[in-house]
Amino acid sequence: MPTPIASIRNLGPATQAAFARAGVDSAEALRALGADAAYARLLAAGERPHFIAYSALVMGLQGRPWNDCRGPEKAALRTRFDALCAGTCTPAGIEAALDALGLPAPRKR
């Protein structure tokens with residue numbers, strides 16, 4: 001199974017190099033931060049938001065391919081991504097919203 005960073009390295013602006021510039025330079029660092037905090041770092045470093053790459057990151061932390069995300073789960077991830085980009089929801093609040101929908105949310109390991 002590819003590491004979370006390897007699984008997103010070719011998806012648009014959220015590349016392995018972009019994460020390295022944002023201080024997330026290993027799969028271990030990515031897992032320690034969790035998907036939302038890692039992506040928030042990417043945004044804070046000036047990288048452009050990218051839903052496909054964000055989905056890949058979340059699914060990578062769940063050990064699933066990003067394109068395995070469909071229907072309500074994809075819609076919930078889109079809402080979560082938009083909230084994260086807008087800064088209107090904390091990672092904990094987003095995870096609580098996904099929990100209420102009965103959808104899996106990555107947790108720190």
# chains A, B, ... in the order shown; residues from 1 in each chain; ligands from 1
$ residues_around --residues "A:Ala35" --least-positions-apart "6" --cutoff "8 Å" --atoms "only C-alpha atoms" --output "list of chain:residue names"
A:Tyr54, A:Leu57, A:Val58, A:Leu61, A:Pro106
$ write_last_selection --atoms "N, CA and C atoms" --output "CSV table (one decimal), in the first residue's frame"
chain,number,residue,atom,x,y,z
A,54,TYR,N,-7.2,16.8,-1.6
A,54,TYR,CA,-7.7,16.7,-0.2
A,54,TYR,C,-8.4,15.4,0.0
A,57,LEU,N,-5.9,12.8,0.3
A,57,LEU,CA,-5.2,12.8,1.7
A,57,LEU,C,-6.1,12.1,2.7
A,58,VAL,N,-7.4,12.5,2.7
A,58,VAL,CA,-8.3,11.9,3.7
A,58,VAL,C,-8.4,10.4,3.5
A,61,LEU,N,-5.3,8.4,4.5
A,61,LEU,CA,-5.2,8.2,6.0
A,61,LEU,C,-6.1,7.1,6.4
A,106,PRO,N,-11.0,10.3,9.5
A,106,PRO,CA,-9.7,9.9,9.9
A,106,PRO,C,-9.4,10.5,11.3
$ residues_around --residues "A:Asp25" --least-positions-apart "6" --cutoff "10 Å" --atoms "only C-alpha atoms" --output "MDAnalysis selection string"
chainID A and resid 5 16:19
$ write_last_selection --atoms "C-alpha atoms" --output "CSV table (one decimal), in the first residue's frame"
chain,number,residue,atom,x,y,z
A,5,ILE,CA,2.1,11.2,0.7
A,16,GLN,CA,4.8,15.9,-2.2
A,17,ALA,CA,7.0,18.9,-2.7
A,18,ALA,CA,4.2,21.3,-1.6
A,19,PHE,CA,3.7,19.3,1.6
$ residues_around --residues "A:Phe51" --least-positions-apart "4" --cutoff "8 Å" --atoms "only C-alpha atoms" --output "list in words"
Ser55, Arg78 and Phe81 of chain A
$ closest_residue --among "A:Val24, A:Gln62, A:Ala32, A:Ala40" --to "A:Ala83" --atoms "only C-alpha atoms"
A:Ala40
